[in-house]
Amino acid sequence: MTDGIALLKAAQKLDEEALTAIFDQYAPAIYKYTLRLCHDPIVADNIVGDVFAQLLEQFAGGKGPRTNLRSYLYQTAYHLVVDRSRDNQHNAPLEVAVGTYEKGHFMPTQTQIEERVIMEALISAMNTELTEDQRHVIILRFLEDFSLKETAEIIGKEVNNIKVIQNRGIAKLRKSLGLQLEESW
Amino acid sequence: MELNARDNEVIDLLTKLKNANVTYPHELLALRRQGYIKQVAEVSAGAGFAMALGSTIKGGNGVGGAPVVSKLLEMLLVVAIVAEASTVAYFYRDRLAELFRTSSSAPRVEEISSPPVIESPFPTFESTMNPAVTQTQTQTKTPLATPSFQFAAEATDQAGGAVMEATDQTGGVAVVATHQGSTEESNQTVSTPAPSDNTNDHSNNGNHYGLTPKPERTKEPAGDNNSHQN
């Protein structure tokens, strides 16, 4: 944590090494998060570029995050994704995650096949059943390991509201998975 | 709203999904990193220049290039002032325009009063030129009007106002009006001679309604005619 704060303070002074270290540390995670939301690797890469360009602008203007850099970067990415999805009017499916999940399994076992079916059902439910807010909250909470408070900061809502959104999303997923799994078996 | 056991199953599945191996493609990452480092260098260079400026302003005992820096600073200040003034003028342009209008109110009145007064007489002059003159010349061919061709022309001149008024309505009426003017004039010259002072001349007693036939007198058989003797 102290390293993170020291890094942040150095970055605020526009130290080149600190700024490069921040990119190396967070760019892959932001890319992964963005790719889960926007489905397109090129768009995800562009959003990563925009996130770090905005960070630089903020630091150059004497602004930017003071404490939680990770939350700040995810928040910026979240807003960029939301803006793009409004412009392009397409949702952010998680198909890319499925593709990468399958990699490395040359001879799948029975358990792996079953797991894959469940995963596909889960991803499908996330794309079709959840609202945009529910999808964002669940990704941030369970795929990116943010706390309720951090998720609330990123999305710009109250913690209690985030709790409600999360529980409703999980309930929807459970219901959908139950139905889909019953249908498949 | 608490999570139950079946919800935990979903959360476990989500955790497995989290471990899905999504990686940043190396080519894309390398290009993005290169671009970012370039941006960082630019921003750092700009920040260094700003810091040098700041130290010059604060300390006053700058390095050898201090006069150059002060000139540059002056130019920057002038540019900033001009930009600010133009921005303010742009934002308050409506108020400024009102101010100019109120300060110079005279042209406003001229603009309103002048145009309608000038325009009105011209079309009536133009319209009277064409049909009125030609038609009166043709009408003078009649035997009554030929000796008084000049009178007819004068009549059209005199009756000019009436013609103009008539031509405002229809051209055909204008022709009739001029024709009437000329014939009345010619009739007046023929039918109404100047009244004579001779009391015996009863043929012209100044009565302009002279066209009326004379009343026939019945002579008395005794030949008493006192009026003629006086």
# chains A, B, ... in the order shown; residues from 1 in each chain; ligands from 1
call {"tool": "residues_around", "arguments": {"residues": "Arg84 in chain A", "least_positions_apart": "6", "cutoff": "12 Å", "atoms": "only C-alpha atoms", "output": "list in words"}}
result
Thr34, Leu37, Cys38, His39, Asp40, Val43, Ala44, Asn46, Ile47, Asp50, Ala77, Tyr78, His90, Asn91 and Ala92 of chain A
call {"tool": "write_last_selection", "arguments": {"atoms": "C-alpha atoms", "output": "PDB file, in the first residue's frame"}}
result
ATOM      1  CA  THR A  34     -12.718  -3.596 -20.643  1.00  0.00           C
ATOM      2  CA  LEU A  37     -17.443  -5.422 -21.125  1.00  0.00           C
ATOM      3  CA  CYS A  38     -16.956  -4.407 -24.720  1.00  0.00           C
ATOM      4  CA  HIS A  39     -16.165  -7.687 -26.482  1.00  0.00           C
ATOM      5  CA  ASP A  40     -13.757  -6.158 -29.004  1.00  0.00           C
ATOM      6  CA  VAL A  43     -11.862  -1.239 -28.640  1.00  0.00           C
ATOM      7  CA  ALA A  44     -10.517  -2.516 -25.334  1.00  0.00           C
ATOM      8  CA  ASN A  46      -8.249   1.969 -27.369  1.00  0.00           C
ATOM      9  CA  ILE A  47     -10.010   2.381 -24.056  1.00  0.00           C
ATOM     10  CA  ASP A  50      -7.762   6.699 -23.332  1.00  0.00           C
ATOM     11  CA  ALA A  77     -12.569   2.792 -17.906  1.00  0.00           C
ATOM     12  CA  TYR A  78     -16.150   2.197 -16.783  1.00  0.00           C
ATOM     13  CA  HIS A  90     -24.497  -2.711 -28.458  1.00  0.00           C
ATOM     14  CA  ASN A  91     -24.083  -4.588 -25.253  1.00  0.00           C
ATOM     15  CA  ALA A  92     -20.881  -5.896 -23.913  1.00  0.00           C
TER      16      ALA A  92
END
call {"tool": "interface_residues", "arguments": {"of": "chain B", "to": "chain A", "cutoff": "10 Å", "atoms": "only C-alpha atoms", "output": "PDB file with N, CA and C atoms, in the first residue's frame"}}
result
ATOM      1  N   MET B   1     -31.842  -8.538   2.247  1.00  0.00           N
ATOM      2  CA  MET B   1     -31.674  -9.470   1.115  1.00  0.00           C
ATOM      3  C   MET B   1     -30.303 -10.156   1.219  1.00  0.00           C
ATOM      4  N   GLU B   2     -30.273 -11.283   1.844  1.00  0.00           N
ATOM      5  CA  GLU B   2     -29.012 -12.003   2.057  1.00  0.00           C
ATOM      6  C   GLU B   2     -28.799 -13.050   0.966  1.00  0.00           C
ATOM      7  N   LEU B   3     -27.544 -13.449   0.798  1.00  0.00           N
ATOM      8  CA  LEU B   3     -27.219 -14.466  -0.199  1.00  0.00           C
ATOM      9  C   LEU B   3     -27.450 -15.851   0.409  1.00  0.00           C
ATOM     10  N   ASN B   4     -28.091 -16.712  -0.335  1.00  0.00           N
ATOM     11  CA  ASN B   4     -28.307 -18.071   0.189  1.00  0.00           C
ATOM     12  C   ASN B   4     -27.308 -19.034  -0.444  1.00  0.00           C
ATOM     13  N   ARG B   6     -27.580 -21.267  -2.788  1.00  0.00           N
ATOM     14  CA  ARG B   6     -27.579 -21.364  -4.256  1.00  0.00           C
ATOM     15  C   ARG B   6     -26.929 -20.135  -4.876  1.00  0.00           C
ATOM     16  N   ASP B   7     -27.046 -19.008  -4.167  1.00  0.00           N
ATOM     17  CA  ASP B   7     -26.344 -17.811  -4.648  1.00  0.00           C
ATOM     18  C   ASP B   7     -24.831 -18.019  -4.577  1.00  0.00           C
ATOM     19  N   ASN B   8     -24.386 -18.714  -3.531  1.00  0.00           N
ATOM     20  CA  ASN B   8     -22.948 -18.993  -3.406  1.00  0.00           C
ATOM     21  C   ASN B   8     -22.444 -19.849  -4.563  1.00  0.00           C
ATOM     22  N   GLU B   9     -23.295 -20.708  -5.051  1.00  0.00           N
ATOM     23  CA  GLU B   9     -22.897 -21.509  -6.233  1.00  0.00           C
ATOM     24  C   GLU B   9     -22.619 -20.591  -7.416  1.00  0.00           C
ATOM     25  N   VAL B  10     -23.491 -19.624  -7.577  1.00  0.00           N
ATOM     26  CA  VAL B  10     -23.303 -18.668  -8.676  1.00  0.00           C
ATOM     27  C   VAL B  10     -22.015 -17.885  -8.479  1.00  0.00           C
ATOM     28  N   ILE B  11     -21.769 -17.512  -7.226  1.00  0.00           N
ATOM     29  CA  ILE B  11     -20.549 -16.732  -6.951  1.00  0.00           C
ATOM     30  C   ILE B  11     -19.305 -17.577  -7.211  1.00  0.00           C
ATOM     31  N   ASP B  12     -19.384 -18.859  -6.885  1.00  0.00           N
ATOM     32  CA  ASP B  12     -18.257 -19.749  -7.199  1.00  0.00           C
ATOM     33  C   ASP B  12     -17.996 -19.821  -8.698  1.00  0.00           C
ATOM     34  N   LEU B  13     -19.097 -19.893  -9.432  1.00  0.00           N
ATOM     35  CA  LEU B  13     -18.943 -19.923 -10.895  1.00  0.00           C
ATOM     36  C   LEU B  13     -18.316 -18.630 -11.410  1.00  0.00           C
ATOM     37  N   LEU B  14     -18.743 -17.539 -10.830  1.00  0.00           N
ATOM     38  CA  LEU B  14     -18.170 -16.250 -11.234  1.00  0.00           C
ATOM     39  C   LEU B  14     -16.676 -16.191 -10.910  1.00  0.00           C
ATOM     40  N   THR B  15     -16.294 -16.760  -9.782  1.00  0.00           N
ATOM     41  CA  THR B  15     -14.878 -16.772  -9.406  1.00  0.00           C
ATOM     42  C   THR B  15     -14.057 -17.598 -10.397  1.00  0.00           C
ATOM     43  N   LYS B  16     -14.665 -18.682 -10.853  1.00  0.00           N
ATOM     44  CA  LYS B  16     -13.972 -19.494 -11.874  1.00  0.00           C
ATOM     45  C   LYS B  16     -13.818 -18.706 -13.178  1.00  0.00           C
ATOM     46  N   LEU B  17     -14.872 -17.970 -13.476  1.00  0.00           N
ATOM     47  CA  LEU B  17     -14.813 -17.163 -14.696  1.00  0.00           C
ATOM     48  C   LEU B  17     -13.730 -16.080 -14.579  1.00  0.00           C
ATOM     49  N   LYS B  18     -13.535 -15.609 -13.361  1.00  0.00           N
ATOM     50  CA  LYS B  18     -12.503 -14.590 -13.129  1.00  0.00           C
ATOM     51  C   LYS B  18     -11.121 -15.116 -13.505  1.00  0.00           C
ATOM     52  N   ASN B  19     -10.924 -16.388 -13.264  1.00  0.00           N
ATOM     53  CA  ASN B  19      -9.619 -16.965 -13.536  1.00  0.00           C
ATOM     54  C   ASN B  19      -9.403 -17.287 -15.012  1.00  0.00           C
ATOM     55  N   ALA B  20     -10.409 -16.983 -15.812  1.00  0.00           N
ATOM     56  CA  ALA B  20     -10.230 -17.196 -17.254  1.00  0.00           C
ATOM     57  C   ALA B  20      -9.042 -16.372 -17.737  1.00  0.00           C
ATOM     58  N   ASN B  21      -8.245 -17.000 -18.573  1.00  0.00           N
ATOM     59  CA  ASN B  21      -6.954 -16.418 -18.923  1.00  0.00           C
ATOM     60  C   ASN B  21      -7.092 -15.400 -20.054  1.00  0.00           C
ATOM     61  N   VAL B  22      -7.542 -14.214 -19.707  1.00  0.00           N
ATOM     62  CA  VAL B  22      -7.625 -13.143 -20.703  1.00  0.00           C
ATOM     63  C   VAL B  22      -6.330 -12.348 -20.632  1.00  0.00           C
ATOM     64  N   THR B  23      -5.594 -12.302 -21.723  1.00  0.00           N
ATOM     65  CA  THR B  23      -4.320 -11.576 -21.717  1.00  0.00           C
ATOM     66  C   THR B  23      -4.324 -10.472 -22.766  1.00  0.00           C
ATOM     67  N   TYR B  24      -3.533  -9.484 -22.453  1.00  0.00           N
ATOM     68  CA  TYR B  24      -3.350  -8.360 -23.385  1.00  0.00           C
ATOM     69  C   TYR B  24      -2.414  -8.847 -24.494  1.00  0.00           C
ATOM     70  N   PRO B  25      -2.835  -8.839 -25.767  1.00  0.00           N
ATOM     71  CA  PRO B  25      -1.932  -9.270 -26.841  1.00  0.00           C
ATOM     72  C   PRO B  25      -0.627  -8.458 -26.824  1.00  0.00           C
ATOM     73  N   LEU B  28      -0.222  -5.424 -29.277  1.00  0.00           N
ATOM     74  CA  LEU B  28      -1.045  -4.276 -28.885  1.00  0.00           C
ATOM     75  C   LEU B  28      -0.469  -3.597 -27.641  1.00  0.00           C
ATOM     76  N   LEU B  29      -0.076  -4.421 -26.681  1.00  0.00           N
ATOM     77  CA  LEU B  29       0.458  -3.862 -25.436  1.00  0.00           C
ATOM     78  C   LEU B  29       1.742  -3.070 -25.686  1.00  0.00           C
ATOM     79  N   LEU B  31       2.730  -1.601 -28.478  1.00  0.00           N
ATOM     80  CA  LEU B  31       2.419  -0.343 -29.188  1.00  0.00           C
ATOM     81  C   LEU B  31       1.809   0.683 -28.234  1.00  0.00           C
ATOM     82  N   ARG B  32       0.894   0.209 -27.423  1.00  0.00           N
ATOM     83  CA  ARG B  32       0.224   1.112 -26.477  1.00  0.00           C
ATOM     84  C   ARG B  32       1.223   1.677 -25.480  1.00  0.00           C
ATOM     85  N   ARG B  33       2.115   0.858 -25.018  1.00  0.00           N
ATOM     86  CA  ARG B  33       3.115   1.300 -24.043  1.00  0.00           C
ATOM     87  C   ARG B  33       4.048   2.337 -24.659  1.00  0.00           C
ATOM     88  N   GLN B  34       4.436   2.072 -25.907  1.00  0.00           N
ATOM     89  CA  GLN B  34       5.325   3.002 -26.610  1.00  0.00           C
ATOM     90  C   GLN B  34       4.653   4.383 -26.732  1.00  0.00           C
ATOM     91  N   GLY B  35       3.410   4.366 -27.142  1.00  0.00           N
ATOM     92  CA  GLY B  35       2.672   5.629 -27.279  1.00  0.00           C
ATOM     93  C   GLY B  35       2.525   6.351 -25.951  1.00  0.00           C
ATOM     94  N   TYR B  36       2.287   5.577 -24.911  1.00  0.00           N
ATOM     95  CA  TYR B  36       2.112   6.169 -23.586  1.00  0.00           C
ATOM     96  C   TYR B  36       3.414   6.815 -23.105  1.00  0.00           C
ATOM     97  N   ILE B  37       4.522   6.123 -23.319  1.00  0.00           N
ATOM     98  CA  ILE B  37       5.818   6.677 -22.886  1.00  0.00           C
ATOM     99  C   ILE B  37       6.117   7.985 -23.631  1.00  0.00           C
ATOM    100  N   GLN B  39       3.864  10.096 -24.706  1.00  0.00           N
ATOM    101  CA  GLN B  39       3.002  11.115 -24.071  1.00  0.00           C
ATOM    102  C   GLN B  39       3.603  11.579 -22.745  1.00  0.00           C
ATOM    103  N   VAL B  40       4.108  10.618 -21.990  1.00  0.00           N
ATOM    104  CA  VAL B  40       4.701  10.956 -20.693  1.00  0.00           C
ATOM    105  C   VAL B  40       5.878  11.900 -20.885  1.00  0.00           C
ATOM    106  N   ALA B  41       6.700  11.608 -21.896  1.00  0.00           N
ATOM    107  CA  ALA B  41       7.868  12.464 -22.149  1.00  0.00           C
ATOM    108  C   ALA B  41       7.426  13.882 -22.507  1.00  0.00           C
ATOM    109  N   VAL B  43       4.600  15.387 -21.701  1.00  0.00           N
ATOM    110  CA  VAL B  43       4.018  16.052 -20.524  1.00  0.00           C
ATOM    111  C   VAL B  43       5.129  16.453 -19.553  1.00  0.00           C
ATOM    112  N   SER B  44       6.110  15.586 -19.376  1.00  0.00           N
ATOM    113  CA  SER B  44       7.203  15.902 -18.454  1.00  0.00           C
ATOM    114  C   SER B  44       7.994  17.101 -18.955  1.00  0.00           C
ATOM    115  N   ALA B  45       8.226  17.154 -20.271  1.00  0.00           N
ATOM    116  CA  ALA B  45       8.960  18.295 -20.839  1.00  0.00           C
ATOM    117  C   ALA B  45       8.178  19.583 -20.615  1.00  0.00           C
ATOM    118  N   GLY B  46       6.898  19.546 -20.819  1.00  0.00           N
ATOM    119  CA  GLY B  46       6.053  20.725 -20.585  1.00  0.00           C
ATOM    120  C   GLY B  46       6.072  21.129 -19.127  1.00  0.00           C
ATOM    121  N   ALA B  47       6.036  20.137 -18.257  1.00  0.00           N
ATOM    122  CA  ALA B  47       6.056  20.430 -16.826  1.00  0.00           C
ATOM    123  C   ALA B  47       7.400  21.032 -16.427  1.00  0.00           C
ATOM    124  N   GLY B  48       8.493  20.532 -17.016  1.00  0.00           N
ATOM    125  CA  GLY B  48       9.811  21.080 -16.728  1.00  0.00           C
ATOM    126  C   GLY B  48       9.907  22.537 -17.124  1.00  0.00           C
TER     127      GLY B  48
END
call {"tool": "select_by_dssp", "arguments": {"residues": "range 23-143 of chain A", "states": "helix (DSSP H, G or I)", "output": "ChimeraX atom specification"}}
result
/A:23-38,41-60,69-88,95-102,110-128,132-143
call {"tool": "write_last_selection", "arguments": {"atoms": "C-alpha atoms", "output": "compact mmCIF listing (two decimals), in the first residue's frame"}}
result
# COMPACT_ATOMS: atom_id res chain seq x y z
CA PHE A 23 1.00 1.61 -16.83
CA ASP A 24 2.83 -1.70 -16.54
CA GLN A 25 0.98 -2.57 -13.35
CA TYR A 26 -2.58 -1.66 -14.37
CA ALA A 27 -2.83 -1.75 -18.16
CA PRO A 28 -3.36 -5.56 -18.45
CA ALA A 29 -6.04 -5.53 -15.73
CA ILE A 30 -7.86 -2.60 -17.31
CA TYR A 31 -7.67 -4.33 -20.68
CA LYS A 32 -9.14 -7.51 -19.20
CA TYR A 33 -11.96 -5.60 -17.52
CA THR A 34 -12.72 -3.60 -20.64
CA LEU A 35 -12.62 -6.65 -22.87
CA ARG A 36 -15.18 -8.35 -20.63
CA LEU A 37 -17.44 -5.42 -21.12
CA CYS A 38 -16.96 -4.41 -24.72
CA PRO A 41 -9.95 -6.38 -28.38
CA ILE A 42 -9.26 -3.30 -30.48
CA VAL A 43 -11.86 -1.24 -28.64
CA ALA A 44 -10.52 -2.52 -25.33
CA ASP A 45 -7.01 -1.49 -26.36
CA ASN A 46 -8.25 1.97 -27.37
CA ILE A 47 -10.01 2.38 -24.06
CA VAL A 48 -6.81 1.45 -22.22
CA GLY A 49 -5.02 4.18 -24.19
CA ASP A 50 -7.76 6.70 -23.33
CA VAL A 51 -7.70 5.78 -19.65
CA PHE A 52 -3.97 6.44 -19.32
CA ALA A 53 -4.10 9.55 -21.49
CA GLN A 54 -6.76 10.99 -19.17
CA LEU A 55 -4.65 10.05 -16.17
CA LEU A 56 -1.72 11.98 -17.63
CA GLU A 57 -3.90 15.00 -18.35
CA GLN A 58 -5.18 14.99 -14.81
CA PHE A 59 -1.70 14.78 -13.33
CA ALA A 60 -0.45 17.53 -15.64
CA LEU A 69 -5.42 4.78 -8.09
CA ARG A 70 -6.87 1.40 -9.02
CA SER A 71 -10.44 2.49 -8.38
CA TYR A 72 -9.79 5.68 -10.28
CA LEU A 73 -8.51 3.81 -13.35
CA TYR A 74 -11.43 1.39 -13.33
CA GLN A 75 -13.85 4.26 -12.88
CA THR A 76 -12.40 6.02 -15.93
CA ALA A 77 -12.57 2.79 -17.91
CA TYR A 78 -16.15 2.20 -16.78
CA HIS A 79 -17.25 5.65 -17.96
CA LEU A 80 -15.50 5.23 -21.30
CA VAL A 81 -17.13 1.86 -21.84
CA VAL A 82 -20.55 3.22 -20.93
CA ASP A 83 -20.08 6.17 -23.29
CA ARG A 84 -19.06 3.88 -26.13
CA SER A 85 -21.87 1.44 -25.53
CA ARG A 86 -24.34 4.34 -25.64
CA ASP A 87 -22.84 5.52 -28.91
CA ASN A 88 -22.68 2.13 -30.55
CA GLU A 95 -17.73 -14.18 -25.48
CA VAL A 96 -14.02 -13.41 -25.54
CA ALA A 97 -13.74 -14.72 -22.02
CA VAL A 98 -15.26 -18.00 -23.15
CA GLY A 99 -12.74 -18.34 -25.96
CA THR A 100 -9.80 -17.82 -23.67
CA TYR A 101 -11.32 -20.06 -21.06
CA GLU A 102 -11.28 -22.91 -23.54
CA GLN A 110 -16.25 -35.09 -18.70
CA THR A 111 -15.96 -32.67 -15.78
CA GLN A 112 -14.38 -30.05 -17.98
CA ILE A 113 -17.13 -30.41 -20.55
CA GLU A 114 -19.78 -30.00 -17.86
CA GLU A 115 -17.96 -27.00 -16.46
CA ARG A 116 -17.75 -25.48 -19.89
CA VAL A 117 -21.48 -25.89 -20.41
CA ILE A 118 -22.17 -24.20 -17.09
CA MET A 119 -19.78 -21.37 -17.91
CA GLU A 120 -21.37 -20.78 -21.25
CA ALA A 121 -24.76 -20.70 -19.57
CA LEU A 122 -23.45 -18.21 -17.00
CA ILE A 123 -21.98 -15.92 -19.64
CA SER A 124 -25.12 -16.11 -21.70
CA ALA A 125 -27.21 -15.21 -18.65
CA MET A 126 -24.93 -12.28 -17.84
CA ASN A 127 -25.31 -10.94 -21.36
CA THR A 128 -29.01 -11.42 -21.73
CA GLU A 132 -26.29 -2.88 -17.50
CA ASP A 133 -25.86 -1.83 -13.88
CA GLN A 134 -26.18 -5.39 -12.61
CA ARG A 135 -23.58 -6.59 -15.11
CA HIS A 136 -21.14 -3.85 -14.14
CA VAL A 137 -21.59 -4.46 -10.43
CA ILE A 138 -21.13 -8.21 -10.73
CA ILE A 139 -18.05 -7.87 -12.90
CA LEU A 140 -16.48 -5.35 -10.55
CA ARG A 141 -17.40 -7.26 -7.41
CA PHE A 142 -16.69 -10.85 -8.41
CA LEU A 143 -14.40 -10.71 -11.43
call {"tool": "atom_distance", "arguments": {"atom1": "CA of Leu7 in chain A", "atom2": "CA of Thr67 in chain A"}}
result
10.7 Å
call {"tool": "atom_distance", "arguments": {"atom1": "CA of Ala11 in chain A", "atom2": "CA of Asn68 in chain A"}}
result
13.0 Å
